Amino acid sequence: MGILEVKNVGKRFGGLQALSEVNLSIKENSVHAIIGPNGAGKSTLLNCLVGKLIPDTGSVMFDGRSVLGRAPFEINQMGISRVFQTPEIFGDLSVLENMMIPCFAKRDGAFEMNAFSDVMSQKDVLEKAEHMLEEMNMADKRHMHSASLSRGDKRRLEIGMCLSQEPRLLLLDEPTAGMARADTNNTIDLLKQIAADRDITIAIIEHDMHVVFSLANRITVLAQGTPLVEDDPENIRGNPKVREAYLGESA
Ligand SMILES: Nc1ncnc2c1ncn2[C@@H]1O[C@H](COP(=O)(O)OP(=O)(O)OP(=O)(O)O)[C@@H](O)[C@H]1O
């Protein structure tokens, strides 16, 4: 039994069957990649996992509890945290202030907009945020304006913000999209370190096969809204059906 169990999930948009009969089991503490050509339904599936979309059919269970019908913030509180394609940080705030936001939310259950008014009295939150910045190797950047960070550092900050919520499942939607190769490799190293050091499960949607094969220990290939194959990376690489559907001869 996986930490995340998706059974017979289907989702239709008007005349388009975006997902049909999706079955997926994500094992605890694994790094599970979901790959597939454009339009295969990867983002739709992710949105069904985090409460942004409600499937028409099927079930989604996280740690034995259904996520269906719950609001995104409730699913987040259950232990699922999502990193978006474009980093979701507050550009007007400093790196440290950004990191404090999820620390407040984790402690108080919800973020109150006046929480910064007595920031310095919030010693525990400040300490947690500082500690997370150290873990993310960003302590020296804590007073920088977040908007001025590189793409890779914005992603690093956002991943740190997700981790400070102490999720059990981290969902990453193309975490290296639009990055230069050096930033991509830094992000791969960061995610490897997170997977090794923490009691965490990672599910990643990614187009860059260098990222997928560097990180994943299990891969599901989606094609036309339904899983084509699920296997270990070595077998996915050599699978002729996968090559034909997606990877091409360069993989
Ligand atoms: N809100 C929506 N309304 C109508 N159609 C949608 C909606 N969201 C997605 N689709 C369609 O559903 C199909 C699956 O889209 P989805 O974005 O899930 O694919 P994807 O595998 O994530 O693609 P990509 O790799 O290009 O991001 C596509 O044909 C898309 O156009």
# chains A, B, ... in the order shown; residues from 1 in each chain; ligands from 1
>>> residues_around(residues="Asn137 of chain A", least_positions_apart="5", cutoff="10 Å", atoms="only C-alpha atoms", output="list in words")
His131, Met132, Asp153, Arg156, Leu157, Gly160 and Leu190 of chain A
>>> write_last_selection(atoms="C-alpha atoms", output="short mmCIF file (atom, residue, chain, number, x, y, z; two decimals), in the first residue's frame")
data_model
loop_
_atom_site.label_atom_id
_atom_site.label_comp_id
_atom_site.auth_asym_id
_atom_site.auth_seq_id
_atom_site.Cartn_x
_atom_site.Cartn_y
_atom_site.Cartn_z
CA HIS A 131 17.37 27.13 10.47
CA MET A 132 15.59 26.21 7.23
CA ASP A 153 17.62 30.32 -5.74
CA ARG A 156 15.51 26.67 -3.60
CA LEU A 157 13.64 29.17 -1.40
CA GLY A 160 12.52 25.33 1.65
CA LEU A 190 19.17 19.73 -3.52
#
>>> residues_near_ligand(ligand="ligand 1", cutoff="10 Å", atoms="only C-alpha atoms and all ligand atoms", output="short mmCIF file (atom, residue, chain, number, x, y, z; two decimals) with N, CA and C atoms, in the first residue's frame")
data_model
loop_
_atom_site.label_atom_id
_atom_site.label_comp_id
_atom_site.auth_asym_id
_atom_site.auth_seq_id
_atom_site.Cartn_x
_atom_site.Cartn_y
_atom_site.Cartn_z
N LYS A 11 -11.16 12.27 -15.50
CA LYS A 11 -11.53 13.69 -15.51
C LYS A 11 -11.80 14.12 -16.94
N ARG A 12 -12.96 14.72 -17.13
CA ARG A 12 -13.36 15.16 -18.47
C ARG A 12 -13.49 16.68 -18.47
N PHE A 13 -13.00 17.32 -19.52
CA PHE A 13 -13.25 18.75 -19.73
C PHE A 13 -14.12 18.84 -20.98
N GLY A 14 -15.40 19.08 -20.82
CA GLY A 14 -16.30 19.13 -21.99
C GLY A 14 -16.20 17.83 -22.77
N GLY A 15 -15.81 17.93 -24.03
CA GLY A 15 -15.72 16.74 -24.87
C GLY A 15 -14.39 16.01 -24.74
N LEU A 16 -13.48 16.52 -23.92
CA LEU A 16 -12.14 15.93 -23.84
C LEU A 16 -11.97 15.08 -22.58
N GLN A 17 -11.67 13.81 -22.78
CA GLN A 17 -11.38 12.94 -21.63
C GLN A 17 -9.90 13.12 -21.28
N ALA A 18 -9.62 14.02 -20.32
CA ALA A 18 -8.22 14.34 -20.01
C ALA A 18 -7.54 13.23 -19.22
N LEU A 19 -8.30 12.56 -18.35
CA LEU A 19 -7.77 11.42 -17.60
C LEU A 19 -8.78 10.29 -17.66
N ILE A 34 6.42 11.29 -12.81
CA ILE A 34 5.32 11.08 -13.75
C ILE A 34 5.70 11.84 -15.01
N ILE A 35 5.89 11.08 -16.08
CA ILE A 35 6.32 11.70 -17.33
C ILE A 35 5.29 11.42 -18.42
N GLY A 36 5.43 12.09 -19.53
CA GLY A 36 4.51 11.86 -20.65
C GLY A 36 4.52 13.05 -21.57
N PRO A 37 4.07 12.86 -22.81
CA PRO A 37 4.09 13.96 -23.77
C PRO A 37 3.18 15.11 -23.38
N ASN A 38 3.33 16.24 -24.06
CA ASN A 38 2.45 17.38 -23.80
C ASN A 38 1.00 16.96 -23.95
N GLY A 39 0.18 17.39 -22.99
CA GLY A 39 -1.25 17.09 -23.07
C GLY A 39 -1.61 15.71 -22.56
N ALA A 40 -0.63 14.99 -21.99
CA ALA A 40 -0.91 13.62 -21.52
C ALA A 40 -1.81 13.59 -20.29
N GLY A 41 -1.89 14.71 -19.58
CA GLY A 41 -2.76 14.77 -18.40
C GLY A 41 -2.01 14.87 -17.08
N LYS A 42 -0.71 15.14 -17.14
CA LYS A 42 0.11 15.16 -15.92
C LYS A 42 -0.35 16.25 -14.95
N SER A 43 -0.52 17.48 -15.46
CA SER A 43 -0.93 18.58 -14.57
C SER A 43 -2.35 18.35 -14.06
N THR A 44 -3.20 17.82 -14.92
CA THR A 44 -4.57 17.54 -14.50
C THR A 44 -4.56 16.55 -13.34
N LEU A 45 -3.72 15.53 -13.46
CA LEU A 45 -3.62 14.54 -12.38
C LEU A 45 -3.12 15.21 -11.10
N LEU A 46 -2.07 16.01 -11.23
CA LEU A 46 -1.53 16.69 -10.05
C LEU A 46 -2.60 17.57 -9.39
N ASN A 47 -3.36 18.26 -10.23
CA ASN A 47 -4.42 19.13 -9.69
C ASN A 47 -5.49 18.32 -8.95
N CYS A 48 -5.70 17.08 -9.40
CA CYS A 48 -6.67 16.22 -8.70
C CYS A 48 -6.12 15.77 -7.34
N LEU A 53 -8.67 20.34 -8.62
CA LEU A 53 -9.71 19.76 -9.47
C LEU A 53 -10.31 18.56 -8.74
N GLN A 85 5.22 25.28 -11.11
CA GLN A 85 6.16 25.45 -12.22
C GLN A 85 6.92 26.76 -12.11
N ASP A 173 6.03 20.23 -9.72
CA ASP A 173 5.53 20.36 -11.09
C ASP A 173 6.61 21.03 -11.93
N GLU A 174 7.34 20.25 -12.69
CA GLU A 174 8.44 20.74 -13.53
C GLU A 174 9.35 21.72 -12.78
N ILE A 205 6.71 15.81 -11.62
CA ILE A 205 6.36 15.87 -13.04
C ILE A 205 7.50 16.60 -13.71
N GLU A 206 8.05 16.02 -14.75
CA GLU A 206 9.22 16.68 -15.34
C GLU A 206 9.37 16.28 -16.80
N HIS A 207 9.75 17.23 -17.62
CA HIS A 207 10.01 16.94 -19.04
C HIS A 207 11.48 16.61 -19.29
N LEU A 222 2.55 8.54 -18.51
CA LEU A 222 1.15 8.80 -18.89
C LEU A 222 1.12 9.09 -20.39
N ALA A 223 0.11 8.57 -21.06
CA ALA A 223 -0.08 8.91 -22.47
C ALA A 223 -1.58 8.98 -22.71
N GLN A 224 -2.01 10.07 -23.29
CA GLN A 224 -3.43 10.29 -23.58
C GLN A 224 -4.32 10.02 -22.37
N GLY A 225 -3.86 10.53 -21.22
CA GLY A 225 -4.70 10.51 -20.03
C GLY A 225 -4.72 9.23 -19.25
#
>>> residues_around(residues="His210 of chain A", least_positions_apart="3", cutoff="12 Å", atoms="only C-alpha atoms", output="number ranges by chain")
A: 33, 176, 181, 184-185, 187-188, 206-207, 213-216, 233, 237, 247, 250-251
>>> write_last_selection(atoms="N, CA and C atoms", output="mmCIF file, in the first residue's frame")
data_model
loop_
_atom_site.group_PDB
_atom_site.id
_atom_site.type_symbol
_atom_site.label_atom_id
_atom_site.label_comp_id
_atom_site.auth_asym_id
_atom_site.auth_seq_id
_atom_site.Cartn_x
_atom_site.Cartn_y
_atom_site.Cartn_z
ATOM 1 N N ALA A 33 8.546 9.667 -10.469
ATOM 2 C CA ALA A 33 8.360 10.649 -11.544
ATOM 3 C C ALA A 33 7.156 10.268 -12.395
ATOM 4 N N THR A 176 12.401 22.293 -12.696
ATOM 5 C CA THR A 176 13.561 22.919 -13.345
ATOM 6 C C THR A 176 13.177 23.633 -14.645
ATOM 7 N N ARG A 181 21.357 25.180 -17.166
ATOM 8 C CA ARG A 181 21.829 23.852 -16.769
ATOM 9 C C ARG A 181 22.450 23.843 -15.364
ATOM 10 N N THR A 184 19.733 23.874 -12.889
ATOM 11 C CA THR A 184 19.066 22.560 -12.922
ATOM 12 C C THR A 184 19.862 21.556 -12.102
ATOM 13 N N ASN A 185 21.181 21.530 -12.317
ATOM 14 C CA ASN A 185 22.009 20.558 -11.589
ATOM 15 C C ASN A 185 22.016 20.846 -10.091
ATOM 16 N N THR A 187 19.534 22.142 -8.475
ATOM 17 C CA THR A 187 18.217 21.717 -7.978
ATOM 18 C C THR A 187 18.164 20.196 -7.836
ATOM 19 N N ILE A 188 18.781 19.492 -8.795
ATOM 20 C CA ILE A 188 18.850 18.019 -8.692
ATOM 21 C C ILE A 188 19.581 17.636 -7.398
ATOM 22 N N GLU A 206 8.051 16.018 -14.752
ATOM 23 C CA GLU A 206 9.221 16.683 -15.339
ATOM 24 C C GLU A 206 9.369 16.276 -16.799
ATOM 25 N N HIS A 207 9.754 17.225 -17.624
ATOM 26 C CA HIS A 207 10.012 16.938 -19.035
ATOM 27 C C HIS A 207 11.482 16.613 -19.288
ATOM 28 N N PHE A 213 15.908 10.935 -14.717
ATOM 29 C CA PHE A 213 16.769 9.772 -14.489
ATOM 30 C C PHE A 213 17.810 10.022 -13.391
ATOM 31 N N SER A 214 18.046 11.270 -13.037
ATOM 32 C CA SER A 214 18.962 11.555 -11.916
ATOM 33 C C SER A 214 18.273 11.326 -10.572
ATOM 34 N N LEU A 215 16.953 11.472 -10.545
ATOM 35 C CA LEU A 215 16.267 11.492 -9.247
ATOM 36 C C LEU A 215 15.360 10.295 -8.978
ATOM 37 N N ALA A 216 14.625 9.870 -10.005
ATOM 38 C CA ALA A 216 13.510 8.954 -9.742
ATOM 39 C C ALA A 216 13.968 7.521 -9.479
ATOM 40 N N PRO A 233 13.531 3.003 -13.431
ATOM 41 C CA PRO A 233 14.113 3.823 -14.498
ATOM 42 C C PRO A 233 14.824 3.010 -15.585
ATOM 43 N N ARG A 237 13.730 3.249 -19.545
ATOM 44 C CA ARG A 237 14.672 3.687 -20.584
ATOM 45 C C ARG A 237 14.656 2.758 -21.796
ATOM 46 N N LEU A 247 9.892 9.115 -25.329
ATOM 47 C CA LEU A 247 11.286 9.475 -25.123
ATOM 48 C C LEU A 247 12.042 9.792 -26.404
ATOM 49 N N SER A 250 16.690 9.929 -28.536
ATOM 50 C CA SER A 250 17.777 10.625 -27.814
ATOM 51 C C SER A 250 17.884 10.175 -26.366
ATOM 52 N N ALA A 251 16.841 9.500 -25.831
ATOM 53 C CA ALA A 251 16.849 9.160 -24.394
ATOM 54 C C ALA A 251 17.804 8.015 -24.095
#
>>> residues_around(residues="Lys27 of chain A", least_positions_apart="5", cutoff="8 Å", atoms="only C-alpha atoms", output="list in words")
Met1, Gly2, Ile3, Leu4 and Thr201 of chain A
>>> closest_residue(among="A:Glu244, A:Asp140, A:Ile80, A:Phe104", to="Asp63 of chain A", atoms="only C-alpha atoms")
A:Ile80
